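Note: the block below is run-v2.txt and it holds compact mmCIF, C-alpha atoms (C1' of nucleotides).
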# COMPACT_ATOMS: atom_id res chain seq x y z
CA MET A 1 35.92 14.72 -10.11
CA THR A 2 36.35 17.20 -7.34
CA ASN A 3 35.12 20.74 -7.70
CA ALA A 4 38.62 22.10 -7.74
CA THR A 5 39.54 19.82 -10.62
CA LYS A 6 36.44 20.84 -12.48
CA ALA A 7 37.24 24.48 -11.97
CA LEU A 8 40.82 23.96 -13.12
CA ALA A 9 39.72 22.11 -16.21
CA ALA A 10 37.10 24.73 -16.97
CA LEU A 11 39.52 27.64 -16.74
CA ALA A 12 42.27 25.86 -18.62
CA ASP A 13 40.57 26.52 -21.94
CA PRO A 14 41.50 29.94 -23.36
CA THR A 15 38.07 30.66 -24.81
CA ARG A 16 36.39 29.79 -21.55
CA ARG A 17 38.79 32.01 -19.71
CA ARG A 18 37.95 34.92 -21.97
CA ILE A 19 34.26 34.35 -21.34
CA PHE A 20 34.83 34.14 -17.63
CA GLU A 21 36.94 37.26 -17.59
CA ARG A 22 34.32 39.23 -19.45
CA LEU A 23 31.76 38.12 -16.90
CA ALA A 24 34.04 39.35 -14.17
CA GLY A 25 33.27 42.84 -15.44
CA ARG A 26 29.52 42.49 -15.32
CA PRO A 27 26.77 39.95 -16.09
CA ARG A 28 26.07 39.41 -19.75
CA ALA A 29 23.74 37.57 -22.09
CA VAL A 30 24.96 34.73 -24.29
CA GLY A 31 24.73 36.59 -27.57
CA GLU A 32 26.53 39.55 -26.14
CA LEU A 33 29.39 37.32 -25.06
CA ALA A 34 29.51 35.61 -28.43
CA ARG A 35 29.79 38.89 -30.29
CA GLY A 36 33.17 39.60 -28.77
CA LEU A 37 34.59 36.17 -29.48
CA PRO A 38 35.94 34.33 -32.50
CA VAL A 39 33.55 31.39 -32.02
CA SER A 40 29.88 30.83 -32.73
CA ARG A 41 27.10 31.42 -30.26
CA PRO A 42 26.41 27.72 -29.72
CA ALA A 43 30.05 27.24 -28.82
CA VAL A 44 29.74 29.95 -26.21
CA SER A 45 26.60 28.29 -24.94
CA GLN A 46 28.49 25.05 -24.48
CA HIS A 47 31.34 26.75 -22.70
CA LEU A 48 28.89 28.36 -20.34
CA GLN A 49 27.53 24.95 -19.44
CA VAL A 50 31.00 23.81 -18.48
CA LEU A 51 31.60 26.90 -16.39
CA LYS A 52 28.25 26.44 -14.75
CA SER A 53 28.81 22.83 -13.83
CA ALA A 54 32.13 23.86 -12.30
CA GLY A 55 30.30 26.30 -10.05
CA LEU A 56 31.96 29.25 -11.69
CA VAL A 57 28.87 30.98 -13.07
CA THR A 58 25.14 31.11 -12.52
CA ASP A 59 22.42 32.00 -14.98
CA ARG A 60 18.98 33.49 -14.90
CA ALA A 61 16.28 34.03 -17.47
CA GLU A 62 15.53 37.62 -18.36
CA GLY A 63 12.83 37.80 -20.96
CA THR A 64 14.10 35.94 -23.97
CA ARG A 65 17.67 36.38 -22.87
CA ARG A 66 19.71 34.30 -20.53
CA VAL A 67 22.04 36.31 -18.40
CA TYR A 68 25.15 34.74 -16.93
CA GLN A 69 27.14 36.06 -14.04
CA ILE A 70 30.09 34.98 -12.00
CA ASP A 71 29.54 32.69 -9.06
CA PRO A 72 32.26 33.30 -6.47
CA GLN A 73 31.82 29.81 -5.08
CA GLY A 74 33.80 28.07 -7.81
CA LEU A 75 36.65 30.52 -7.55
CA GLY A 76 36.53 30.12 -3.79
CA VAL A 77 36.98 26.38 -4.00
CA LEU A 78 39.89 26.85 -6.35
CA ARG A 79 41.46 29.42 -4.10
CA ALA A 80 41.10 27.22 -1.06
CA TRP A 81 42.73 24.30 -2.82
CA LEU A 82 45.54 26.44 -4.11
CA ASP A 83 46.24 28.04 -0.74
CA ARG A 84 46.39 24.72 1.07
CA PHE A 85 48.70 23.52 -1.62
CA TRP A 86 50.86 26.54 -1.71
CA ASP A 87 51.85 26.03 1.91
CA ARG A 88 52.82 22.41 1.42
CA ALA A 89 54.72 23.15 -1.76
CA LEU A 90 56.63 26.00 -0.26
CA ALA A 91 57.52 23.99 2.80
CA ALA A 92 58.86 21.15 0.67
CA TYR A 93 60.82 23.60 -1.41
CA GLN A 94 62.35 25.34 1.58
CA ALA A 95 63.34 22.03 3.10
CA GLU A 96 65.31 21.22 -0.04
CA VAL A 97 66.99 24.57 -0.22
CA GLU A 98 68.16 24.23 3.35
CA LYS A 99 69.40 20.73 2.76
CA GLU A 100 71.70 21.99 0.04
CA GLU A 101 73.49 24.31 2.39
CA MET B 102 49.79 30.83 -23.88
CA THR B 103 50.37 32.61 -20.64
CA ASN B 104 52.06 30.87 -17.76
CA ALA B 105 48.89 30.91 -15.74
CA THR B 106 47.03 29.16 -18.54
CA LYS B 107 49.78 26.62 -18.85
CA ALA B 108 49.70 25.95 -15.14
CA LEU B 109 45.93 25.62 -15.17
CA ALA B 110 46.01 23.21 -18.08
CA ALA B 111 48.78 21.20 -16.47
CA LEU B 112 46.97 20.81 -13.17
CA ALA B 113 43.63 20.10 -14.78
CA ASP B 114 44.68 16.55 -15.57
CA PRO B 115 44.02 14.20 -12.63
CA THR B 116 47.13 12.08 -13.16
CA ARG B 117 49.31 15.14 -13.34
CA ARG B 118 47.76 16.46 -10.20
CA ARG B 119 48.54 13.24 -8.39
CA ILE B 120 52.13 13.46 -9.55
CA PHE B 121 52.36 17.05 -8.47
CA GLU B 122 50.81 16.34 -5.11
CA ARG B 123 53.27 13.56 -4.45
CA LEU B 124 56.10 15.91 -5.25
CA ALA B 125 54.67 18.37 -2.77
CA GLY B 126 55.72 15.88 -0.10
CA ARG B 127 59.31 15.55 -1.23
CA PRO B 128 61.38 15.31 -4.42
CA ARG B 129 61.17 11.99 -6.20
CA ALA B 130 62.63 10.12 -9.14
CA VAL B 131 60.51 9.23 -12.17
CA GLY B 132 60.34 5.51 -11.50
CA GLU B 133 59.38 6.09 -7.92
CA LEU B 134 56.50 8.26 -9.02
CA ALA B 135 55.38 5.76 -11.60
CA ARG B 136 55.25 2.94 -9.08
CA GLY B 137 52.45 4.60 -7.18
CA LEU B 138 50.37 5.33 -10.25
CA PRO B 139 48.13 3.34 -12.60
CA VAL B 140 50.03 4.46 -15.71
CA SER B 141 53.32 3.45 -17.29
CA ARG B 142 56.64 5.12 -16.57
CA PRO B 143 56.83 6.81 -20.00
CA ALA B 144 53.43 8.32 -19.35
CA VAL B 145 54.74 9.78 -16.12
CA SER B 146 57.76 11.08 -17.96
CA GLN B 147 55.52 12.87 -20.41
CA HIS B 148 53.42 14.38 -17.66
CA LEU B 149 56.55 15.64 -15.99
CA GLN B 150 57.51 17.45 -19.17
CA VAL B 151 54.20 19.24 -19.15
CA LEU B 152 54.57 20.21 -15.52
CA LYS B 153 58.08 21.39 -16.19
CA SER B 154 57.16 23.57 -19.12
CA ALA B 155 54.45 25.12 -16.96
CA GLY B 156 57.08 26.11 -14.43
CA LEU B 157 55.61 23.81 -11.83
CA VAL B 158 58.56 21.48 -11.35
CA THR B 159 62.30 21.40 -11.89
CA ASP B 160 64.52 18.39 -12.44
CA ARG B 161 68.10 17.45 -11.81
CA ALA B 162 70.23 14.46 -12.67
CA GLU B 163 71.36 12.31 -9.80
CA GLY B 164 73.40 9.44 -11.07
CA THR B 165 71.23 7.47 -13.42
CA ARG B 166 68.11 8.88 -11.87
CA ARG B 167 66.30 12.07 -12.61
CA VAL B 168 64.86 13.71 -9.56
CA TYR B 169 61.94 16.07 -9.86
CA GLN B 170 60.84 18.58 -7.32
CA ILE B 171 58.26 21.30 -7.02
CA ASP B 172 59.03 24.73 -8.36
CA PRO B 173 57.08 27.32 -6.41
CA GLN B 174 57.25 29.73 -9.31
CA GLY B 175 54.48 28.08 -11.32
CA LEU B 176 52.17 27.92 -8.34
CA GLY B 177 53.04 31.51 -7.58
CA VAL B 178 51.97 32.68 -11.01
CA LEU B 179 48.73 30.79 -10.64
CA ARG B 180 48.12 32.22 -7.22
CA ALA B 181 48.79 35.75 -8.40
CA TRP B 182 46.39 35.38 -11.29
CA LEU B 183 43.72 33.91 -9.06
CA ASP B 184 44.07 36.59 -6.41
CA ARG B 185 43.82 39.42 -8.89
CA PHE B 186 40.81 37.73 -10.31
CA TRP B 187 39.17 36.95 -7.06
CA ASP B 188 38.93 40.62 -6.22
CA ARG B 189 37.35 41.58 -9.51
CA ALA B 190 34.93 38.68 -9.40
CA LEU B 191 33.83 39.38 -5.88
CA ALA B 192 33.35 43.05 -6.61
CA ALA B 193 31.18 42.27 -9.61
CA TYR B 194 29.17 39.80 -7.57
CA GLN B 195 28.62 42.22 -4.71
CA ALA B 196 27.51 44.91 -7.10
CA GLU B 197 24.81 42.60 -8.41
CA VAL B 198 23.64 41.55 -4.99
CA GLU B 199 23.24 45.17 -3.95
CA LYS B 200 21.41 46.00 -7.14
CA GLU B 201 18.78 43.43 -6.32
CA GLU B 202 17.91 45.11 -3.06
C1' DA C 203 83.94 -4.32 -21.60
C1' DC C 204 79.38 -6.13 -19.97
C1' DT C 205 75.23 -5.60 -17.72
C1' DC C 206 71.56 -3.60 -15.18
C1' DT C 207 68.90 0.13 -13.93
C1' DA C 208 66.82 4.47 -14.95
C1' DC C 209 64.91 7.67 -18.32
C1' DG C 210 63.62 10.03 -22.40
C1' DT C 211 61.70 9.85 -27.12
C1' DA C 212 59.22 7.99 -31.25
C1' DA C 213 55.23 6.15 -33.28
C1' DG C 214 50.78 4.78 -33.19
C1' DT C 215 46.08 4.28 -31.06
C1' DA C 216 41.92 5.34 -28.43
C1' DC C 217 39.55 8.77 -26.38
C1' DT C 218 38.06 13.51 -25.39
C1' DT C 219 37.37 18.17 -26.50
C1' DT C 220 36.04 21.91 -29.25
C1' DC C 221 33.97 23.58 -32.86
C1' DT C 222 30.43 24.01 -36.74
C1' DT C 223 25.74 23.82 -38.95
C1' DA C 224 21.04 22.61 -38.54
C1' DC C 225 17.19 22.49 -35.80
C1' DC C 226 13.67 23.34 -32.11
C1' DG C 227 11.35 25.69 -28.21
C1' DT C 228 10.28 30.06 -25.78
C1' DT C 229 9.32 34.97 -25.04
C1' DA C 230 8.02 39.75 -26.71
C1' DG C 231 5.93 42.86 -29.71
C1' DC C 232 3.03 44.01 -33.49
C1' DG D 233 -1.72 34.43 -34.38
C1' DC D 234 2.78 35.92 -36.87
C1' DT D 235 7.19 37.12 -36.70
C1' DA D 236 11.67 38.06 -35.02
C1' DA D 237 15.20 37.64 -31.47
C1' DC D 238 17.42 34.68 -28.25
C1' DG D 239 19.44 30.63 -26.85
C1' DG D 240 19.78 25.51 -25.83
C1' DT D 241 20.62 20.81 -28.02
C1' DA D 242 21.89 17.23 -31.57
C1' DA D 243 25.07 15.35 -34.74
C1' DG D 244 29.21 15.07 -36.82
C1' DA D 245 33.99 16.74 -38.22
C1' DA D 246 38.61 18.12 -36.85
C1' DA D 247 41.95 18.65 -33.62
C1' DG D 248 44.15 17.75 -29.35
C1' DT D 249 45.40 14.69 -25.37
C1' DA D 250 46.75 10.73 -22.77
C1' DC D 251 48.14 6.48 -23.07
C1' DT D 252 50.73 2.20 -24.81
C1' DT D 253 54.89 -0.54 -26.59
C1' DA D 254 59.34 -0.42 -28.68
C1' DC D 255 63.66 1.51 -28.83
C1' DG D 256 67.92 4.21 -27.79
C1' DT D 257 71.15 6.47 -24.48
C1' DA D 258 73.77 7.36 -20.18
C1' DG D 259 75.66 6.28 -15.63
C1' DA D 260 77.22 2.66 -11.86
C1' DG D 261 78.90 -1.48 -10.42
C1' DT D 262 81.35 -5.77 -11.29

When written as structure tokens, how does the structure in this file appear?
Amino acid sequence: MTNATKALAALADPTRRRIFERLAGRPRAVGELARGLPVSRPAVSQHLQVLKSAGLVTDRAEGTRRVYQIDPQGLGVLRAWLDRFWDRALAAYQAEVEKEE
Amino acid sequence: MTNATKALAALADPTRRRIFERLAGRPRAVGELARGLPVSRPAVSQHLQVLKSAGLVTDRAEGTRRVYQIDPQGLGVLRAWLDRFWDRALAAYQAEVEKEE
DNA sequence: ACTCTACGTAAGTACTTTCTTACCGTTAGC
DNA sequence: GCTAACGGTAAGAAAGTACTTACGTAGAGT
């Protein structure tokens, strides 16, 4: 599984996206994230593992808390893949449009 | 479900990504796509529905065949979401890096 | 009209994902 | 040392997803 695929799969889940978007504001601890969401804390914990293994977040211990923050690397990989793709897709599309005329 | 989420979910599946990537080359019929893949033709058909409802492809009849081609719109939505996000994420990250110093 | 090719859809199955509760280890403060 | 807060992990239930085979429909050629 490539990193881009992992990142896509990770962000495809709505709950994970909400977590990720909240982290985009500022770093947060697990419990803090869970409080704003309709799922239990362990569920959030599991989602964070997925995001982490996709290179989308990093974590650090801070006393008894574990603080998660966004890791730009994962987003970067995704962006790179998408940009490369965008060019190819657009080119193919344009070629078809022109052929119609 | 937002369009960006739909697009993310659609592209998260490896088989669907292979289909989509082949379409990025040029438009193709269903059977043609299926021939290059390790899954049955109906499976490909189903994947194409998902891609279509995510705004990633369009289809047209051509005799007895159904030709699919890339629709830049879906990718565009994804790109827009990612770009908006990239800025926020990077800003948050930079803020943290500076705080450490 | 018959037939062949190309597709979509239905139904069912196997697998994966997401969630919950229960539990355990770790750190901080009294 | 006790206790309370925080969070990861295990186990299992429920739901969702990706596939298969079987079937039905529509267009093209003879």

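The spacing separating C1' of DT211 in chain C from CA of Gly175 in chain B amounts to 25.2 Å.
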
Note to self: Rounded to one decimal, what separation in Å do you get between CA of Phe85 in chain A and CA of Ala111 in chain B?
What the structure shows: 15.0 Å

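Atom pair CA of Tyr194 in chain B / CA of Ala24 in chain A has a distance of 8.2 Å (rounded to one decimal).
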
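For chain D, the residues no farther than 12 Å from chain B when using all atoms listed in the file are DT249, DA250, DC251, DT252, DT253, DA254, DT257, DA258, DG259 and DA260 of chain D.
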
Mind checking which residues fall within 8 Å of Val77 in chain A, counting only C-alpha atoms (C1' of nucleotides), ignoring those fewer than 4 positions away in the same chain, and posting them as a PDB file with C-alpha atoms, keeping the file's coordinate frame?
ATOM      1  CA  ASN A   3      35.120  20.740  -7.700  1.00  0.00           C
ATOM      2  CA  ALA A   4      38.620  22.100  -7.740  1.00  0.00           C
ATOM      3  CA  GLN A  73      31.820  29.810  -5.080  1.00  0.00           C
ATOM      4  CA  TRP A  81      42.730  24.300  -2.820  1.00  0.00           C
TER       5      TRP A  81
END

Margin query: I'd like the neighbourhood of Leu75 in chain A as a list in words, where a residue qualifies if any of its atoms comes within 10 Å (using all atoms listed in the file), though same-chain residues fewer than 5 positions away should be ignored.
Written below: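 The filter keeps Asn3, Ala4, Ala7, Leu8, Ala54, Gly55, Leu56, Val57, Ile70, Ala80 and Trp81 of chain A; Leu183, Asp184, Phe186, Trp187, Ala190 and Leu191 of chain B.
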
Item checked: Distance criterion (all atoms listed in the file): nearest to Pro72 in chain A out of A:Arg60, A:Arg84, A:Arg17, A:Lys52 -> A:Lys52
